[in-house]
Amino acid sequence: MDMLSFSGCTHGCSDKETEELTRMRYAFPWWKEKEIVSEKKRLDGLCPLTPEETALVLQALGFKGDTLIYIASGGIYGGERRLAALRTSYPKIVRKEMLLSADELRPFQNHSTQMAALDYLVSVASDVFVPTYDGNMAKVVEGHRRYTGFRRTIVLDRRELVELLDLLRDGKLSWDQFSVAVKEVHKNRMGQPTPRKVIPGRPKDEDYFYANPQECMGPPRSSNIESSKSDI
């Protein structure tokens, strides 16, 4: 909820939910940006994909319906209602609360960073990591996975995806056209070795070091590079 409130991203939310998120943003003075046009942010690729959009993108990328999906996050705003479309396409959805018993989870509850650390460990170890938003945790997981052998991390181009999703919704793209376009956009965004963009004197404009710690890595192992290029 706080992430959606802070970002102003309300696509798919009801009017009541949008009002609630806006009130929350205004209630915290340290959140400087107050007036936000949600649809503009979405079209600029600055919003997380919704569960509905995520389901379509995963299908377009070729993930089968029996794929086991671990959701690495806190509470999903809107709860099971918002997850319904994703769960319909991918019934095997799990979260830490489902995998750990109440006794196992109890020491971590009421400690948000420790709960996030559990998600981090699973994200680093997963076969494929697909962040729907490029927050700090997603960037660190991406870098950790690069450092441990360029494990496949699909960094979604949300700006391109939003345009394609809207074309699909409006009937201007067939499903096959949509799927081909999604794969084409992401063929070089699979976590394979890439040079880190460095701009002397402009560190804020550089690629994040912790997402691509190129300077700390030796020559990549060919087997891992090839596996990262393979089709999904």
# chains A, B, ... in the order shown; residues from 1 in each chain; ligands from 1
>>> residues_around(residues="Met3 (chain A)", least_positions_apart="2", cutoff="12 Å", atoms="only C-alpha atoms", output="ChimeraX atom specification")
/A:1,5-10,21-22,24-25,31,46-48,73-77,133-135
>>> residues_around(residues="Pro213 (chain A)", least_positions_apart="5", cutoff="8 Å", atoms="only C-alpha atoms", output="JSON, numbers by chain")
{"A": [143, 146, 147, 196]}
>>> residues_around(residues="Glu206 (chain A)", least_positions_apart="4", cutoff="6 Å", atoms="only C-alpha atoms", output="list in words")
Lys197, Val198 and Ile199 of chain A
>>> write_last_selection(atoms="C-alpha atoms", output="tab-separated table (two decimals), in the first residue's frame")
chain	number	residue	atom	x	y	z
A	197	LYS	CA	27.22	2.58	-18.04
A	198	VAL	CA	29.55	4.90	-16.13
A	199	ILE	CA	29.33	8.70	-16.44
>>> select_by_dssp(residues="chain A", states="strand (DSSP E or B)", output="short mmCIF file (atom, residue, chain, number, x, y, z; two decimals) with N, CA and C atoms, in the first residue's frame")
data_model
loop_
_atom_site.label_atom_id
_atom_site.label_comp_id
_atom_site.auth_asym_id
_atom_site.auth_seq_id
_atom_site.Cartn_x
_atom_site.Cartn_y
_atom_site.Cartn_z
N ILE A 69 5.27 -19.99 -8.82
CA ILE A 69 5.60 -18.57 -8.66
C ILE A 69 5.63 -18.21 -7.19
N TYR A 70 6.76 -17.67 -6.76
CA TYR A 70 6.89 -17.15 -5.39
C TYR A 70 6.75 -15.63 -5.47
N ILE A 93 0.85 -20.42 -6.94
CA ILE A 93 1.43 -19.21 -6.36
C ILE A 93 1.67 -19.45 -4.87
N VAL A 94 2.85 -19.11 -4.41
CA VAL A 94 3.15 -19.26 -2.98
C VAL A 94 3.79 -17.97 -2.46
N PHE A 129 14.16 -14.72 -11.96
CA PHE A 129 13.68 -13.61 -11.14
C PHE A 129 13.08 -12.56 -12.07
N THR A 153 17.62 -13.15 -14.93
CA THR A 153 16.81 -12.10 -14.32
C THR A 153 16.19 -11.31 -15.45
#
>>> select_by_dssp(residues="region 57-157 of chain A", states="helix (DSSP H, G or I)", output="PyMOL selection string")
chain A and resi 57-61+79-89+96-99+102-108+112-125+136-147
>>> write_last_selection(atoms="N, CA and C atoms", output="compact mmCIF listing (two decimals), in the first residue's frame")
# COMPACT_ATOMS: atom_id res chain seq x y z
N VAL A 57 2.13 -10.79 -19.32
CA VAL A 57 3.54 -10.71 -19.72
C VAL A 57 4.22 -12.07 -19.54
N LEU A 58 3.96 -12.74 -18.42
CA LEU A 58 4.56 -14.05 -18.20
C LEU A 58 4.11 -15.05 -19.26
N GLN A 59 2.83 -15.01 -19.61
CA GLN A 59 2.32 -15.89 -20.66
C GLN A 59 3.00 -15.58 -22.00
N ALA A 60 3.15 -14.29 -22.30
CA ALA A 60 3.77 -13.89 -23.55
C ALA A 60 5.23 -14.33 -23.62
N LEU A 61 5.90 -14.33 -22.48
CA LEU A 61 7.30 -14.76 -22.42
C LEU A 61 7.45 -16.28 -22.51
N GLY A 79 -5.53 -7.41 -1.79
CA GLY A 79 -5.58 -8.81 -1.39
C GLY A 79 -5.84 -9.77 -2.53
N GLU A 80 -6.56 -10.83 -2.21
CA GLU A 80 -6.81 -11.89 -3.19
C GLU A 80 -7.59 -11.40 -4.40
N ARG A 81 -8.38 -10.35 -4.23
CA ARG A 81 -9.12 -9.82 -5.38
C ARG A 81 -8.17 -9.39 -6.48
N ARG A 82 -7.07 -8.73 -6.10
CA ARG A 82 -6.12 -8.26 -7.10
C ARG A 82 -5.28 -9.39 -7.67
N LEU A 83 -5.14 -10.46 -6.90
CA LEU A 83 -4.33 -11.59 -7.37
C LEU A 83 -5.12 -12.58 -8.22
N ALA A 84 -6.43 -12.36 -8.33
CA ALA A 84 -7.29 -13.36 -8.96
C ALA A 84 -6.86 -13.68 -10.39
N ALA A 85 -6.57 -12.66 -11.19
CA ALA A 85 -6.20 -12.89 -12.59
C ALA A 85 -4.89 -13.64 -12.70
N LEU A 86 -3.92 -13.28 -11.85
CA LEU A 86 -2.64 -13.96 -11.85
C LEU A 86 -2.80 -15.41 -11.40
N ARG A 87 -3.62 -15.62 -10.37
CA ARG A 87 -3.81 -16.97 -9.86
C ARG A 87 -4.58 -17.85 -10.85
N THR A 88 -5.49 -17.25 -11.62
CA THR A 88 -6.21 -18.01 -12.63
C THR A 88 -5.25 -18.57 -13.68
N SER A 89 -4.28 -17.75 -14.08
CA SER A 89 -3.30 -18.18 -15.09
C SER A 89 -2.21 -19.05 -14.50
N LYS A 96 5.80 -16.53 1.50
CA LYS A 96 6.49 -17.05 2.68
C LYS A 96 5.51 -17.51 3.75
N GLU A 97 4.36 -16.80 3.84
CA GLU A 97 3.37 -17.16 4.83
C GLU A 97 2.75 -18.54 4.56
N MET A 98 2.88 -19.01 3.32
CA MET A 98 2.34 -20.32 2.96
C MET A 98 3.39 -21.43 3.12
N LEU A 99 4.65 -21.06 3.05
CA LEU A 99 5.72 -22.05 3.09
C LEU A 99 6.25 -22.30 4.49
N ALA A 102 3.43 -21.19 11.31
CA ALA A 102 3.29 -20.02 12.17
C ALA A 102 4.45 -19.90 13.15
N ASP A 103 4.91 -21.04 13.69
CA ASP A 103 6.04 -21.03 14.64
C ASP A 103 7.33 -20.61 13.94
N GLU A 104 7.53 -21.07 12.71
CA GLU A 104 8.75 -20.72 11.98
C GLU A 104 8.77 -19.24 11.60
N LEU A 105 7.62 -18.70 11.30
CA LEU A 105 7.54 -17.31 10.85
C LEU A 105 7.54 -16.32 12.00
N ARG A 106 7.11 -16.76 13.17
CA ARG A 106 6.91 -15.85 14.30
C ARG A 106 8.14 -15.00 14.64
N PRO A 107 9.37 -15.55 14.67
CA PRO A 107 10.53 -14.72 15.04
C PRO A 107 10.78 -13.55 14.09
N PHE A 108 10.27 -13.65 12.86
CA PHE A 108 10.53 -12.61 11.87
C PHE A 108 9.41 -11.57 11.80
N SER A 112 10.11 -5.77 9.73
CA SER A 112 9.89 -5.67 8.28
C SER A 112 11.14 -6.01 7.48
N THR A 113 12.32 -5.60 7.98
CA THR A 113 13.54 -5.89 7.22
C THR A 113 13.85 -7.38 7.22
N GLN A 114 13.55 -8.06 8.32
CA GLN A 114 13.79 -9.50 8.36
C GLN A 114 12.80 -10.25 7.46
N MET A 115 11.56 -9.79 7.42
CA MET A 115 10.59 -10.39 6.51
C MET A 115 11.02 -10.18 5.06
N ALA A 116 11.55 -8.99 4.78
CA ALA A 116 12.06 -8.72 3.42
C ALA A 116 13.28 -9.58 3.11
N ALA A 117 14.08 -9.85 4.13
CA ALA A 117 15.27 -10.68 3.92
C ALA A 117 14.88 -12.10 3.50
N LEU A 118 13.79 -12.62 4.03
CA LEU A 118 13.32 -13.94 3.60
C LEU A 118 12.98 -13.93 2.12
N ASP A 119 12.30 -12.87 1.67
CA ASP A 119 11.97 -12.75 0.25
C ASP A 119 13.24 -12.61 -0.58
N TYR A 120 14.21 -11.88 -0.04
CA TYR A 120 15.47 -11.68 -0.76
C TYR A 120 16.18 -13.02 -1.00
N LEU A 121 16.24 -13.85 0.01
CA LEU A 121 16.94 -15.13 -0.11
C LEU A 121 16.29 -16.02 -1.17
N VAL A 122 14.96 -16.04 -1.18
CA VAL A 122 14.26 -16.84 -2.19
C VAL A 122 14.49 -16.25 -3.58
N SER A 123 14.46 -14.93 -3.68
CA SER A 123 14.65 -14.27 -4.98
C SER A 123 16.02 -14.56 -5.57
N VAL A 124 17.04 -14.53 -4.73
CA VAL A 124 18.40 -14.80 -5.21
C VAL A 124 18.53 -16.25 -5.68
N ALA A 125 17.84 -17.17 -5.01
CA ALA A 125 17.99 -18.60 -5.31
C ALA A 125 17.05 -19.09 -6.40
N ASN A 136 14.82 -0.75 -4.83
CA ASN A 136 16.18 -1.07 -4.39
C ASN A 136 16.40 -2.56 -4.22
N MET A 137 15.41 -3.27 -3.65
CA MET A 137 15.59 -4.70 -3.45
C MET A 137 15.75 -5.42 -4.78
N ALA A 138 14.93 -5.06 -5.77
CA ALA A 138 15.02 -5.70 -7.08
C ALA A 138 16.39 -5.49 -7.70
N LYS A 139 16.93 -4.28 -7.55
CA LYS A 139 18.25 -3.99 -8.13
C LYS A 139 19.35 -4.79 -7.44
N VAL A 140 19.26 -4.91 -6.11
CA VAL A 140 20.29 -5.67 -5.39
C VAL A 140 20.21 -7.15 -5.73
N VAL A 141 18.98 -7.68 -5.83
CA VAL A 141 18.83 -9.08 -6.22
C VAL A 141 19.41 -9.31 -7.62
N GLU A 142 19.14 -8.39 -8.53
CA GLU A 142 19.69 -8.50 -9.88
C GLU A 142 21.21 -8.57 -9.84
N GLY A 143 21.83 -7.67 -9.08
CA GLY A 143 23.29 -7.67 -8.99
C GLY A 143 23.83 -8.92 -8.35
N HIS A 144 23.17 -9.40 -7.30
CA HIS A 144 23.60 -10.62 -6.60
C HIS A 144 23.54 -11.81 -7.57
N ARG A 145 22.49 -11.88 -8.36
CA ARG A 145 22.34 -12.98 -9.31
C ARG A 145 23.36 -12.89 -10.44
N ARG A 146 23.71 -11.69 -10.85
CA ARG A 146 24.78 -11.54 -11.84
C ARG A 146 26.11 -12.03 -11.25
N TYR A 147 26.35 -11.63 -10.02
CA TYR A 147 27.62 -11.96 -9.38
C TYR A 147 27.79 -13.46 -9.18
>>> decode(residues="region 41-124 of chain A", atoms="C-alpha atoms", output="CSV table (one decimal), in the first residue's frame")
chain,number,residue,atom,x,y,z
A,41,LYS,CA,3.5,7.8,-14.7
A,42,ARG,CA,2.2,4.5,-16.0
A,43,LEU,CA,2.8,5.5,-19.6
A,44,ASP,CA,6.3,6.6,-18.7
A,45,GLY,CA,7.0,3.1,-17.3
A,46,LEU,CA,7.3,4.4,-13.7
A,47,CYS,CA,4.6,2.1,-12.2
A,48,PRO,CA,4.8,-1.5,-11.2
A,49,LEU,CA,2.9,-3.9,-13.3
A,50,THR,CA,-0.4,-5.0,-11.9
A,51,PRO,CA,-1.0,-8.7,-11.2
A,52,GLU,CA,-3.3,-8.8,-14.3
A,53,GLU,CA,-0.6,-7.3,-16.5
A,54,THR,CA,2.0,-9.5,-15.0
A,55,ALA,CA,0.0,-12.6,-15.9
A,56,LEU,CA,-0.2,-11.5,-19.6
A,57,VAL,CA,3.5,-10.7,-19.7
A,58,LEU,CA,4.6,-14.1,-18.2
A,59,GLN,CA,2.3,-15.9,-20.7
A,60,ALA,CA,3.8,-13.9,-23.6
A,61,LEU,CA,7.3,-14.8,-22.4
A,62,GLY,CA,6.4,-18.4,-22.5
A,63,PHE,CA,5.9,-19.4,-18.9
A,64,LYS,CA,3.6,-22.4,-18.7
A,65,GLY,CA,0.5,-22.5,-16.4
A,66,ASP,CA,2.2,-25.0,-14.0
A,67,THR,CA,5.1,-22.6,-13.3
A,68,LEU,CA,5.6,-22.3,-9.5
A,69,ILE,CA,5.6,-18.6,-8.7
A,70,TYR,CA,6.9,-17.2,-5.4
A,71,ILE,CA,5.6,-13.6,-4.7
A,72,ALA,CA,8.4,-11.7,-2.9
A,73,SER,CA,6.5,-8.8,-1.3
A,74,GLY,CA,4.7,-7.6,1.7
A,75,GLY,CA,0.9,-7.5,1.7
A,76,ILE,CA,-0.7,-7.1,-1.8
A,77,TYR,CA,-3.0,-4.1,-1.8
A,78,GLY,CA,-6.4,-5.3,-2.6
A,79,GLY,CA,-5.6,-8.8,-1.4
A,80,GLU,CA,-6.8,-11.9,-3.2
A,81,ARG,CA,-9.1,-9.8,-5.4
A,82,ARG,CA,-6.1,-8.3,-7.1
A,83,LEU,CA,-4.3,-11.6,-7.4
A,84,ALA,CA,-7.3,-13.4,-9.0
A,85,ALA,CA,-6.2,-12.9,-12.6
A,86,LEU,CA,-2.6,-14.0,-11.9
A,87,ARG,CA,-3.8,-17.0,-9.9
A,88,THR,CA,-6.2,-18.0,-12.6
A,89,SER,CA,-3.3,-18.2,-15.1
A,90,TYR,CA,-0.8,-19.5,-12.6
A,91,PRO,CA,-2.5,-21.5,-9.8
A,92,LYS,CA,0.8,-22.5,-8.2
A,93,ILE,CA,1.4,-19.2,-6.4
A,94,VAL,CA,3.2,-19.3,-3.0
A,95,ARG,CA,4.4,-16.7,-0.4
A,96,LYS,CA,6.5,-17.1,2.7
A,97,GLU,CA,3.4,-17.2,4.8
A,98,MET,CA,2.3,-20.3,3.0
A,99,LEU,CA,5.7,-22.0,3.1
A,100,LEU,CA,6.6,-21.4,6.7
A,101,SER,CA,4.6,-22.6,9.7
A,102,ALA,CA,3.3,-20.0,12.2
A,103,ASP,CA,6.0,-21.0,14.6
A,104,GLU,CA,8.7,-20.7,12.0
A,105,LEU,CA,7.5,-17.3,10.9
A,106,ARG,CA,6.9,-15.9,14.3
A,107,PRO,CA,10.5,-14.7,15.0
A,108,PHE,CA,10.5,-12.6,11.9
A,109,GLN,CA,7.1,-11.0,12.2
A,110,ASN,CA,7.0,-7.4,13.4
A,111,HIS,CA,10.5,-7.0,11.8
A,112,SER,CA,9.9,-5.7,8.3
A,113,THR,CA,13.5,-5.9,7.2
A,114,GLN,CA,13.8,-9.5,8.4
A,115,MET,CA,10.6,-10.4,6.5
A,116,ALA,CA,12.1,-8.7,3.4
A,117,ALA,CA,15.3,-10.7,3.9
A,118,LEU,CA,13.3,-13.9,3.6
A,119,ASP,CA,12.0,-12.7,0.2
A,120,TYR,CA,15.5,-11.7,-0.8
A,121,LEU,CA,16.9,-15.1,-0.1
A,122,VAL,CA,14.3,-16.8,-2.2
A,123,SER,CA,14.6,-14.3,-5.0
A,124,VAL,CA,18.4,-14.8,-5.2
